[in-house]
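Asker: Below is one structure. I have some questions about it.
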Amino acid sequence: MTHDCVIIGGGPAGLNAALVLGRARKSVVVIDEGRARNRVTRETHGFLTRDSISPSEFRRIAKEQISAYPSVAFADDTAISITGTDGDFQITTVQGQTYQSKKLLFSIGMKDLPMDIKGLSDVYGKSAFICPYCDGWELRDQPLVVIVKGADATHMAQVISGWTNNITICTNGSDDLTDAQREELQQHNIPVFTSPIQLIESNDGMVEQVVLKDGTSILCRGIFFRPKLTIGSDMPQAIGCEITEAGTVIVDNLGKTNVPGVYSAGDATTHLHQAIIAASMGSLAGVGINNELNGEKWNYV
């Protein structure tokens with residue numbers, strides 16, 4: 001059987017694309033390995049009607065609603081290789097399955113690379129986060145440490161200042177700041193510590209203090225940091241998709257890549273990592289794929 005579209009990745013982008021395509025009566029398989037990046041968090045925020053829902057419950061409800069459209073199927077599996085061209089792709093999985101598909105959507109997200117900061121993994125998703133818009137409200141008016149350097153330090157400090165005025169910058173080494181950036185932070189009474197971080201001390205995932213190698217201890221109740229990320233799969237690049245220097249897939253406004261028949265949506269295509277943004281990109285990609293399929297059928301005479 002040849003499906004209209006195989007979606008690799010079952011996060012908000014892939015699920016919303018599946019919903020759009022299912023409602024458009026297209027045959028779809030969503031292949032997902034079940035290791036969502038946001039599984040470390042307790043709640044998803046900023047998604048209208050789903051604010052504060054857990055990531056697992058979000059997916060459960062999404063799949064339940066999508067199941068109303070019988071042309072959409074889910075495979076708990078991992079895609080490992082892709083061959084073929086537009087109209088006839090073959091996707092092979094870890095479990096030895098092969099799916100044939102006219103179109104392909106990557107909603108593979110990003111993956112966290114290890115950061116050499118002792119104790120960070122204990123608080124990540126509980127009291128240490130990457131997105132103030134996702135988790136700033138929960139840390140409002142609290143003393144926060146921001147682990148960042150260079151121009152990102154002034155940017156993050158300005159953004160987070162809407163939630164608290166008690167901000168400390170830890171650069172975990174050289175600060176990479178210009179004199180103007182240092183002066184800007186000083187003007188807003190934001191201290192900058194350049195000593196490497198020795199340990200993040202916490203209790204049941206809630207940060208208590210950041211201890212630096214020079215002996216400084218910084219009491220805090222929350223952390224924001226810049227993660228080290230890599231794209232969720234190397235398959236887009238392997239089949240010829242253009243990739244930015246930052247490692248994201250280049251797409252047009254409907255998620256179409258430079259490879260005919262191949263689309264991408266969600267975190268793998270943007271630096272704005274919010275569930276609602278990923279879902280909206282998935283919806284747009286679903287529209288793009290459906291329009292392309294309909295156009296091909298319409299013009300085939």
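Here's how to read the names in the structure tokens: chain A, B, ... by the order shown, residue numbers from 1 in each chain, ligand numbers from 1 in the order shown.
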Could you pull out all residues of segment 41-287 of chain A with a DSSP call of strand (DSSP E or B) and give them as a ChimeraX atom specification?

Answerer: /A:44,53,72-76,79-85,88-93,98-106,110-113,124,128-129,144-147,167-170,192-193,197-203,206-212,217-219,222-225,228-231,243,249,256,262-264

Asker: Can you tell me which residues surround Cys220 of chain A at a distance of at most 6 Å, considering only C-alpha atoms, apart from same-chain residues fewer than 3 positions away, and format the answer as a PDB file with N, CA, C and O atoms, in the first residue's frame?

Answerer:
```pdb
ATOM      1  N   PRO A 143      14.298  34.615  42.715  1.00  0.00           N
ATOM      2  CA  PRO A 143      15.692  34.814  42.315  1.00  0.00           C
ATOM      3  C   PRO A 143      16.097  33.756  41.297  1.00  0.00           C
ATOM      4  O   PRO A 143      15.974  32.555  41.553  1.00  0.00           O
ATOM      5  N   LEU A 144      16.577  34.203  40.145  1.00  0.00           N
ATOM      6  CA  LEU A 144      16.888  33.294  39.050  1.00  0.00           C
ATOM      7  C   LEU A 144      18.344  33.412  38.628  1.00  0.00           C
ATOM      8  O   LEU A 144      18.920  34.501  38.635  1.00  0.00           O
ATOM      9  N   GLU A 208      18.343  24.898  44.604  1.00  0.00           N
ATOM     10  CA  GLU A 208      18.531  25.670  45.831  1.00  0.00           C
ATOM     11  C   GLU A 208      19.662  26.671  45.681  1.00  0.00           C
ATOM     12  O   GLU A 208      19.556  27.806  46.133  1.00  0.00           O
ATOM     13  N   GLN A 209      20.758  26.233  45.050  1.00  0.00           N
ATOM     14  CA  GLN A 209      21.848  27.172  44.825  1.00  0.00           C
ATOM     15  C   GLN A 209      22.766  26.655  43.722  1.00  0.00           C
ATOM     16  O   GLN A 209      22.824  25.451  43.442  1.00  0.00           O
TER      17      GLN A 209
END
```

Asker: Among segment 192-278 of chain A, which residues does DSSP mark as alpha helix (DSSP H) when it is run on the backbone? Keep the chain and numbering as in the structure and answer as an MDAnalysis selection string.

Answerer: chainID A and resid 235:238 275:278

Asker: What's the 12 Å shell around Arg221 of chain A, counting only C-alpha atoms, without same-chain residues fewer than 6 positions away, as JSON, numbers by chain?

Answerer: {"A": [123, 126, 127, 128, 129, 136, 138, 139, 140, 141, 142, 143, 144, 145, 146, 164, 166, 167, 168, 200, 201, 202, 203, 205, 206, 207, 208, 209, 210]}

Asker: Just to confirm, what's the straight-line distance from atom CA of Ala24 of chain A to atom CA of Ser71 of chain A in Å (one decimal)?

Answerer: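 About the pair atom CA of Ala24 of chain A and atom CA of Ser71 of chain A: they are 9.4 Å apart.
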
Asker: Give me the residues within 7 Å of Met281 of chain A as a list in words, counting only C-alpha atoms and dropping any in the same chain fewer than 5 places off.

Answerer: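 The filter keeps Ala13, Ala265 and Gly266 of chain A.
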
Asker: Please, could you write that set of residues out with C-alpha atoms as a short mmCIF file (atom, residue, chain, number, x, y, z; two decimals), in the first residue's frame?

Answerer:
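Writing the result to again.cif gives the following:
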```
data_model
loop_
_atom_site.label_atom_id
_atom_site.label_comp_id
_atom_site.auth_asym_id
_atom_site.auth_seq_id
_atom_site.Cartn_x
_atom_site.Cartn_y
_atom_site.Cartn_z
CA ALA A 13 3.96 19.44 14.66
CA ALA A 265 7.81 21.33 10.51
CA GLY A 266 8.28 22.13 14.17
#
```

Asker: Write out as a compact mmCIF listing (two decimals) with N, CA, C and O atoms, in the first residue's frame each polymer residue whose atoms come within 6 Å of Asp4 of chain A, counting only C-alpha atoms; drop sequence neighbours fewer than 2 positions from it.

Answerer:
```
# COMPACT_ATOMS: atom_id res chain seq x y z
N LYS A 26 -6.74 11.96 3.68
CA LYS A 26 -5.48 11.43 3.15
C LYS A 26 -5.00 10.28 4.03
O LYS A 26 -5.18 10.30 5.25
N SER A 27 -4.37 9.31 3.38
CA SER A 27 -3.82 8.16 4.09
C SER A 27 -2.47 8.53 4.69
O SER A 27 -1.55 8.90 3.97
N SER A 101 5.27 5.83 0.46
CA SER A 101 4.53 7.07 0.61
C SER A 101 4.80 8.03 -0.54
O SER A 101 5.91 8.09 -1.06
N LYS A 102 3.76 8.78 -0.89
CA LYS A 102 3.91 9.79 -1.94
C LYS A 102 4.68 11.02 -1.42
O LYS A 102 5.49 11.59 -2.13
```

Asker: Give me the residues within 12 Å of segment 243-247 of chain A as a count of residues only, counting only C-alpha atoms and dropping any in the same chain fewer than 5 places off.

Answerer: 23

Asker: So how many Å separate atom CA of Ile8 of chain A and atom CA of Leu254 of chain A, to one decimal?

Answerer: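 Between atom CA of Ile8 of chain A and atom CA of Leu254 of chain A the gap is 16.9 Å.
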
Asker: Using only C-alpha atoms, which residues sit within 10 Å of Arg182 of chain A once same-chain residues fewer than 2 positions away are excluded, as a ChimeraX atom specification?

Answerer: /A:150-151,153-154,175-180,184-187,190-192

Asker: Could you write out the selected residues, including N, CA and C atoms, as a CSV table (one decimal), in the first residue's frame?

Answerer:
```csv
chain,number,residue,atom,x,y,z
A,150,GLY,N,27.8,36.1,26.3
A,150,GLY,CA,27.8,36.9,25.1
A,150,GLY,C,26.5,37.7,24.9
A,151,ALA,N,26.2,38.0,23.7
A,151,ALA,CA,25.0,38.8,23.4
A,151,ALA,C,23.7,38.2,24.0
A,153,ALA,N,23.3,37.0,26.8
A,153,ALA,CA,23.2,37.4,28.2
A,153,ALA,C,22.3,38.6,28.3
A,154,THR,N,22.6,39.6,27.5
A,154,THR,CA,21.7,40.8,27.6
A,154,THR,C,20.3,40.6,27.1
A,175,ASP,N,33.0,35.3,29.6
A,175,ASP,CA,31.7,35.8,29.4
A,175,ASP,C,31.4,36.2,27.9
A,176,ASP,N,32.4,36.4,27.1
A,176,ASP,CA,32.2,36.8,25.7
A,176,ASP,C,31.4,38.0,25.5
A,177,LEU,N,31.4,38.9,26.5
A,177,LEU,CA,30.6,40.1,26.5
A,177,LEU,C,31.5,41.3,26.0
A,178,THR,N,30.9,42.2,25.3
A,178,THR,CA,31.5,43.4,24.9
A,178,THR,C,31.5,44.4,26.1
A,179,ASP,N,32.3,45.5,26.1
A,179,ASP,CA,32.2,46.4,27.1
A,179,ASP,C,30.8,47.1,27.2
A,180,ALA,N,30.2,47.3,26.1
A,180,ALA,CA,28.8,47.9,26.1
A,180,ALA,C,27.8,47.0,26.7
A,184,GLU,N,25.7,47.6,30.1
A,184,GLU,CA,24.2,47.5,30.1
A,184,GLU,C,23.7,46.6,31.3
A,185,LEU,N,24.3,45.5,31.5
A,185,LEU,CA,23.9,44.7,32.6
A,185,LEU,C,24.2,45.4,34.0
A,186,GLN,N,25.3,46.1,34.1
A,186,GLN,CA,25.6,46.8,35.3
A,186,GLN,C,24.5,47.9,35.6
A,187,GLN,N,24.1,48.5,34.5
A,187,GLN,CA,23.1,49.6,34.7
A,187,GLN,C,21.7,49.0,35.2
A,190,ILE,N,22.5,43.8,37.3
A,190,ILE,CA,22.5,42.3,37.1
A,190,ILE,C,24.0,41.9,37.2
A,191,PRO,N,24.3,41.1,38.3
A,191,PRO,CA,25.7,40.7,38.4
A,191,PRO,C,26.0,39.6,37.4
A,192,VAL,N,27.3,39.5,37.0
A,192,VAL,CA,27.8,38.5,36.1
A,192,VAL,C,29.0,37.8,36.8
```
